[in-house]
file upload_31.pdb (PDB, C-alpha atoms)
ATOM      1  CA  MET D 461     241.399  33.670 112.558
ATOM      2  CA  ALA D 462     241.237  34.848 108.936
ATOM      3  CA  GLY D 463     237.521  35.585 109.137
ATOM      4  CA  MET D 464     237.754  37.863 112.144
ATOM      5  CA  ARG D 465     240.891  39.531 110.819
ATOM      6  CA  THR D 466     238.823  40.450 107.769
ATOM      7  CA  VAL D 467     236.026  41.795 109.968
ATOM      8  CA  GLU D 468     238.471  44.049 111.806
ATOM      9  CA  GLU D 469     239.320  45.962 108.611
ATOM     10  CA  PRO D 470     235.905  47.587 107.906
ATOM     11  CA  LEU D 471     235.594  48.317 111.613
ATOM     12  CA  LYS D 472     238.712  50.465 111.286
ATOM     13  CA  LEU D 473     238.073  51.927 107.823
ATOM     14  CA  VAL D 474     234.300  52.511 107.886
ATOM     15  CA  PRO D 475     233.148  52.100 111.500
ATOM     16  CA  GLY D 476     229.401  51.709 111.906
ATOM     17  CA  ARG D 477     228.681  51.172 108.206
ATOM     18  CA  PHE D 478     227.870  47.463 108.428
ATOM     19  CA  ARG D 479     225.679  45.388 110.709
ATOM     20  CA  ILE D 480     227.811  42.307 111.215
ATOM     21  CA  THR D 481     226.713  38.850 112.319
ATOM     22  CA  VAL D 482     229.286  36.151 113.029
ATOM     23  CA  PHE D 483     228.456  32.446 113.226
ATOM     24  CA  GLY D 484     230.869  29.987 114.803
ATOM     25  CA  ALA D 485     230.492  26.235 115.193
ATOM     26  CA  GLU D 486     232.673  26.266 118.301
ATOM     27  CA  PRO D 487     231.282  27.582 121.597
ATOM     28  CA  HIS D 488     234.247  29.954 121.953
ATOM     29  CA  VAL D 489     235.135  33.413 120.716
ATOM     30  CA  ASN D 490     237.910  33.585 118.134
ATOM     31  CA  TYR D 491     241.311  32.545 119.394
ATOM     32  CA  ASN D 492     244.827  31.969 118.114
ATOM     33  CA  ARG D 493     244.892  28.362 116.898
ATOM     34  CA  ILE D 494     248.647  28.532 116.457
ATOM     35  CA  MET D 495     248.945  28.779 120.234
ATOM     36  CA  LEU D 496     246.943  25.618 120.941
ATOM     37  CA  SER D 497     250.219  23.726 121.234
ATOM     38  CA  SER D 498     251.232  26.100 124.046
ATOM     39  CA  VAL D 499     247.953  25.359 125.843
ATOM     40  CA  LEU D 500     248.562  21.635 125.429
ATOM     41  CA  ALA D 501     252.102  21.962 126.791
ATOM     42  CA  GLY D 502     250.897  24.012 129.763
ATOM     43  CA  ASP D 503     252.653  27.238 128.764
ATOM     44  CA  LYS D 504     249.409  29.180 128.245
ATOM     45  CA  THR D 505     245.751  28.996 129.218
ATOM     46  CA  VAL D 506     242.800  29.121 126.832
ATOM     47  CA  GLU D 507     241.997  32.625 128.081
ATOM     48  CA  GLU D 508     245.486  33.797 127.127
ATOM     49  CA  ILE D 509     245.086  32.828 123.460
ATOM     50  CA  VAL D 510     241.745  34.605 122.960
ATOM     51  CA  ILE D 511     242.011  37.286 120.265
ATOM     52  CA  ASN D 512     238.682  39.099 120.687
ATOM     53  CA  SER D 513     236.630  38.831 123.866
ATOM     54  CA  ARG D 514     232.836  38.806 123.991
ATOM     55  CA  GLU D 515     233.048  42.366 125.305
ATOM     56  CA  TRP D 516     234.882  43.371 122.112
ATOM     57  CA  TYR D 517     232.043  42.001 119.982
ATOM     58  CA  ALA D 518     229.485  43.908 122.066
ATOM     59  CA  GLN D 519     231.498  47.136 121.904
ATOM     60  CA  ASN D 520     231.627  46.879 118.106
ATOM     61  CA  ASP D 521     227.924  46.010 117.818
ATOM     62  CA  ILE D 522     228.664  42.592 116.305
ATOM     63  CA  ALA D 523     226.091  39.838 116.758
ATOM     64  CA  LEU D 524     228.150  36.818 117.811
ATOM     65  CA  ILE D 525     226.484  33.407 117.561
ATOM     66  CA  THR D 526     228.698  30.626 118.910
ATOM     67  CA  GLY D 527     228.143  26.895 119.074
ATOM     68  CA  ASP D 528     225.769  27.059 116.114
ATOM     69  CA  ALA D 529     227.181  26.114 112.708
ATOM     70  CA  VAL D 530     225.647  27.380 109.479
ATOM     71  CA  ALA D 531     223.857  24.422 107.909
ATOM     72  CA  ARG D 532     222.574  25.973 104.690
ATOM     73  CA  ILE D 533     223.130  29.045 102.510
ATOM     74  CA  ASP D 534     220.248  30.300 100.367
ATOM     75  CA  ARG D 535     221.919  32.480  97.752
ATOM     76  CA  GLY D 536     218.635  33.339  96.059
ATOM     77  CA  ASP D 537     217.099  34.886  99.167
ATOM     78  CA  ARG D 538     220.495  35.844 100.620
ATOM     79  CA  MET D 539     219.867  33.973 103.827
ATOM     80  CA  VAL D 540     221.989  31.751 106.021
ATOM     81  CA  HIS D 541     220.314  29.083 108.124
ATOM     82  CA  SER D 542     222.020  27.660 111.183
ATOM     83  CA  ALA D 543     221.858  24.164 112.633
ATOM     84  CA  SER D 544     219.618  25.424 115.449
ATOM     85  CA  GLY D 545     217.130  26.914 112.966
ATOM     86  CA  LEU D 546     218.241  30.541 113.165
ATOM     87  CA  SER D 547     217.976  32.459 109.858
ATOM     88  CA  VAL D 548     219.820  35.695 109.086
ATOM     89  CA  HIS D 549     219.670  37.853 105.941
ATOM     90  CA  TYR D 550     222.892  39.130 104.381
ATOM     91  CA  ASP D 551     224.015  41.635 101.748
ATOM     92  CA  ARG D 552     227.591  40.352 101.689
ATOM     93  CA  LEU D 553     228.631  36.895 102.850
ATOM     94  CA  LEU D 554     232.113  35.847 103.951
ATOM     95  CA  VAL D 555     232.784  32.121 104.327
ATOM     96  CA  ALA D 556     235.911  31.552 106.413
ATOM     97  CA  THR D 557     235.468  28.091 107.884
ATOM     98  CA  GLY D 558     239.116  27.038 107.765
ATOM     99  CA  SER D 559     240.244  23.482 107.128
ATOM    100  CA  ARG D 560     239.580  20.069 108.609
ATOM    101  CA  PRO D 561     242.202  17.525 109.713
ATOM    102  CA  VAL D 562     242.803  14.594 107.380
ATOM    103  CA  ALA D 563     242.627  11.298 109.253
ATOM    104  CA  PRO D 564     244.183   8.060 107.969
ATOM    105  CA  PRO D 565     241.658   5.454 106.731
ATOM    106  CA  ILE D 566     242.169   3.024 109.604
ATOM    107  CA  PRO D 567     239.723   1.484 112.086
ATOM    108  CA  GLY D 568     239.423   2.874 115.583
ATOM    109  CA  LEU D 569     239.092   6.595 114.833
ATOM    110  CA  SER D 570     235.803   6.784 116.747
ATOM    111  CA  LEU D 571     237.185   5.210 119.921
ATOM    112  CA  PRO D 572     237.206   7.271 123.136
ATOM    113  CA  GLY D 573     240.389   9.304 123.472
ATOM    114  CA  VAL D 574     241.057   9.423 119.730
ATOM    115  CA  CYS D 575     240.954  12.950 118.343
ATOM    116  CA  ALA D 576     242.513  15.399 115.929
ATOM    117  CA  PHE D 577     244.576  18.439 116.934
ATOM    118  CA  ARG D 578     242.531  21.294 115.576
ATOM    119  CA  ASP D 579     240.577  23.161 118.244
ATOM    120  CA  ILE D 580     240.092  23.755 121.961
ATOM    121  CA  ALA D 581     237.853  20.698 122.314
ATOM    122  CA  ASP D 582     240.646  18.515 120.921
ATOM    123  CA  VAL D 583     243.126  19.969 123.405
ATOM    124  CA  GLU D 584     240.681  19.386 126.255
ATOM    125  CA  THR D 585     240.340  15.754 125.153
ATOM    126  CA  MET D 586     244.117  15.302 125.084
ATOM    127  CA  LEU D 587     244.527  16.919 128.493
ATOM    128  CA  ALA D 588     241.856  14.652 129.964
ATOM    129  CA  VAL D 589     243.585  11.596 128.491
ATOM    130  CA  SER D 590     246.981  12.735 129.791
ATOM    131  CA  ARG D 591     245.599  12.890 133.329
ATOM    132  CA  GLU D 592     244.372   9.296 133.214
ATOM    133  CA  HIS D 593     246.921   7.548 130.997
ATOM    134  CA  ARG D 594     250.654   7.553 130.538
ATOM    135  CA  ARG D 595     251.126   6.525 126.888
ATOM    136  CA  ALA D 596     250.015   8.176 123.648
ATOM    137  CA  VAL D 597     250.404   7.589 119.923
ATOM    138  CA  VAL D 598     250.517  10.593 117.592
ATOM    139  CA  ILE D 599     249.918   9.824 113.913
ATOM    140  CA  GLY D 600     251.517  12.377 111.602
ATOM    141  CA  GLY D 601     255.041  13.777 111.846
ATOM    142  CA  GLY D 602     254.326  17.201 110.369
ATOM    143  CA  LEU D 603     254.386  20.421 112.374
ATOM    144  CA  LEU D 604     251.110  19.745 114.199
ATOM    145  CA  GLY D 605     252.090  16.170 114.947
ATOM    146  CA  LEU D 606     255.394  17.262 116.442
ATOM    147  CA  GLU D 607     253.689  19.980 118.471
ATOM    148  CA  ALA D 608     251.155  17.453 119.773
ATOM    149  CA  ALA D 609     253.910  14.985 120.672
ATOM    150  CA  TRP D 610     255.910  17.673 122.451
ATOM    151  CA  GLY D 611     252.883  18.959 124.370
ATOM    152  CA  LEU D 612     251.900  15.478 125.530
ATOM    153  CA  LYS D 613     255.488  14.784 126.553
ATOM    154  CA  GLN D 614     255.409  17.970 128.629
ATOM    155  CA  ARG D 615     252.300  16.560 130.301
ATOM    156  CA  GLY D 616     254.272  13.516 131.395
ATOM    157  CA  MET D 617     253.171  11.048 128.733
ATOM    158  CA  LYS D 618     255.350   8.549 126.909
ATOM    159  CA  VAL D 619     254.728   9.386 123.249
ATOM    160  CA  ALA D 620     255.150   7.269 120.114
ATOM    161  CA  LEU D 621     255.147   9.281 116.878
ATOM    162  CA  VAL D 622     254.101   7.477 113.687
ATOM    163  CA  HIS D 623     254.906   9.047 110.318
ATOM    164  CA  LEU D 624     254.898   7.776 106.733
ATOM    165  CA  SER D 625     258.069   9.616 105.740
ATOM    166  CA  ARG D 626     261.577   8.597 106.770
ATOM    167  CA  ALA D 627     262.382  12.128 107.911
ATOM    168  CA  GLY D 628     260.717  14.548 110.288
ATOM    169  CA  SER D 629     259.848  18.165 109.616
ATOM    170  CA  PRO D 630     262.995  20.012 108.469
ATOM    171  CA  GLY D 631     264.490  22.446 110.939
ATOM    172  CA  SER D 632     262.342  21.313 113.841
ATOM    173  CA  ALA D 633     263.889  21.283 117.287
ATOM    174  CA  LYS D 634     261.106  19.058 118.576
ATOM    175  CA  PRO D 635     261.299  15.232 118.627
ATOM    176  CA  SER D 636     261.888  13.794 115.157
ATOM    177  CA  SER D 637     259.440  11.343 113.644
ATOM    178  CA  VAL D 638     259.958   7.610 113.690
ATOM    179  CA  ALA D 639     261.163   6.225 110.351
ATOM    180  CA  LEU D 640     258.426   3.805 109.332
ATOM    181  CA  PRO D 641     257.239   2.299 106.039
ATOM    182  CA  PRO D 642     253.644   2.948 104.918
ATOM    183  CA  ILE D 643     251.068   1.791 107.457
ATOM    184  CA  THR D 644     250.044  -1.840 106.897
ATOM    185  CA  PRO D 645     247.242  -3.878 108.498
ATOM    186  CA  LYS D 646     249.885  -5.432 110.763
ATOM    187  CA  ALA D 647     251.111  -1.991 111.798
ATOM    188  CA  VAL D 648     247.543  -0.865 112.471
ATOM    189  CA  SER D 649     247.015  -3.910 114.664
ATOM    190  CA  ARG D 650     250.160  -3.093 116.629
ATOM    191  CA  ILE D 651     249.060   0.522 117.088
ATOM    192  CA  GLN D 652     245.632  -0.574 118.316
ATOM    193  CA  SER D 653     247.171  -2.988 120.801
ATOM    194  CA  TYR D 654     249.190  -0.089 122.222
ATOM    195  CA  SER D 655     245.993   0.970 124.070
ATOM    196  CA  PRO D 656     243.415   2.622 121.785
ATOM    197  CA  ARG D 657     242.154   4.924 124.520
ATOM    198  CA  CYS D 658     245.534   6.637 124.500
ATOM    199  CA  CYS D 659     245.881   6.947 120.722
ATOM    200  CA  LEU D 660     245.775  10.587 119.628
ATOM    201  CA  THR D 661     245.812  11.621 115.990
ATOM    202  CA  SER D 662     246.968  14.834 114.372
ATOM    203  CA  SER D 663     246.598  16.093 110.835
ATOM    204  CA  LEU D 664     248.565  14.107 108.276
ATOM    205  CA  LEU D 665     250.572  16.703 106.420
ATOM    206  CA  ALA D 666     252.084  15.893 103.047
TER     207      ALA D 666
END

call {"tool": "encode", "arguments": {"input": "upload_31.pdb", "output": "structure tokens"}}
result
Amino acid sequence: MAGMRTVEEPLKLVPGRFRITVFGAEPHVNYNRIMLSSVLAGDKTVEEIVINSREWYAQNDIALITGDAVARIDRGDRMVHSASGLSVHYDRLLVATGSRPVAPPIPGLSLPGVCAFRDIADVETMLAVSREHRRAVVIGGGLLGLEAAWGLKQRGMKVALVHLSRAGSPGSAKPSSVALPPITPKAVSRIQSYSPRCCLTSSLLA
């Protein structure tokens, strides 16, 4: 979101001055990540949270490369090299890759149905799980965790929310987090026995 918002400024102030190339690891155009919870809950579709369509990129003469992450930056030659082997020269380089979810150091994170809550692929995974299963565990009682729990509840799932703090996010109207002590091996075992294929993780927010 921040990267493309930055790109929009020179397009308005000095249109046509720059030849712009945009790399994205996801196969999608830029979209409003804040609205992913609405997609999960069924209030919006993926198409409705798109910010700039592929037609917009073409109209503004922007080379959009999706599904191909940048693997290496050569500052000496001013080149970026993508995972697929594509190389592009630059005069100015903007790195706006965003953040990654922080997962708890517990076993089972690679099991089918276990995911973060960060992008469209994660939402698609959760929706697929919600169609086949009825119970879910959300780890993390911050804003994203509560949004994930609420969205899964709207999809008809019975949701257990696990959080390290004894209080949920202040001011939230969504389900409050369960008051639990720090996760112990015994607690991990109980979570795993809940049905690992239905365990869904969100970012752990401090």

call {"tool": "resolve_selection", "arguments": {"input": "upload_31.pdb", "expression": "the PyMOL selection byres ((chain D and resi 485) around 8)", "output": "list in words"}}
result
Phe483, Gly484, Glu486, Pro487, Thr526, Gly527, Asp528, Ala529 and Val530 of chain D

call {"tool": "atom_distance", "arguments": {"input": "upload_31.pdb", "atom1": "atom CA of D:Asp579", "atom2": "atom CA of D:Leu554"}}
result
20.9 Å

call {"tool": "residues_around", "arguments": {"input": "upload_31.pdb", "residues": "D:Met539", "least_positions_apart": "4", "cutoff": "8 Å", "atoms": "only C-alpha atoms", "output": "JSON, numbers by chain"}}
result
{"D": [533, 534, 535, 547, 548, 549, 550]}

call {"tool": "resolve_selection", "arguments": {"input": "upload_31.pdb", "expression": "the PyMOL selection byres ((chain D and resi 520) around 12)", "output": "number ranges by chain"}}
result
D: 467-468, 470-472, 474-481, 512-519, 521-524

call {"tool": "closest_residue", "arguments": {"input": "upload_31.pdb", "among": "D:Glu508, D:Glu469, D:Asp551, D:Asp537", "to": "D:Arg493", "atoms": "all atoms listed in the file"}}
result
D:Glu508

call {"tool": "residues_around", "arguments": {"input": "upload_31.pdb", "residues": "stretch 605-615 of chain D", "least_positions_apart": "2", "cutoff": "6 Å", "atoms": "all atoms listed in the file", "output": "ChimeraX atom specification"}}
result
/D:497,500-501,600-603,617,662

call {"tool": "atom_distance", "arguments": {"input": "upload_31.pdb", "atom1": "atom CA of D:His541", "atom2": "atom CA of D:Val583"}}
result
28.9 Å

call {"tool": "closest_residue", "arguments": {"input": "upload_31.pdb", "among": "D:Val589, D:Ile580, D:Ala531, D:Val619", "to": "D:Met495", "atoms": "only C-alpha atoms"}}
result
D:Ile580

call {"tool": "atom_distance", "arguments": {"input": "upload_31.pdb", "atom1": "atom CA of D:Ser498", "atom2": "atom CA of D:Pro567"}}
result
29.7 Å

call {"tool": "resolve_selection", "arguments": {"input": "upload_31.pdb", "expression": "the PyMOL selection byres ((chain D and resi 463) around 9)", "output": "PyMOL selection string"}}
result
chain D and resi 461-462+464-468+554-558
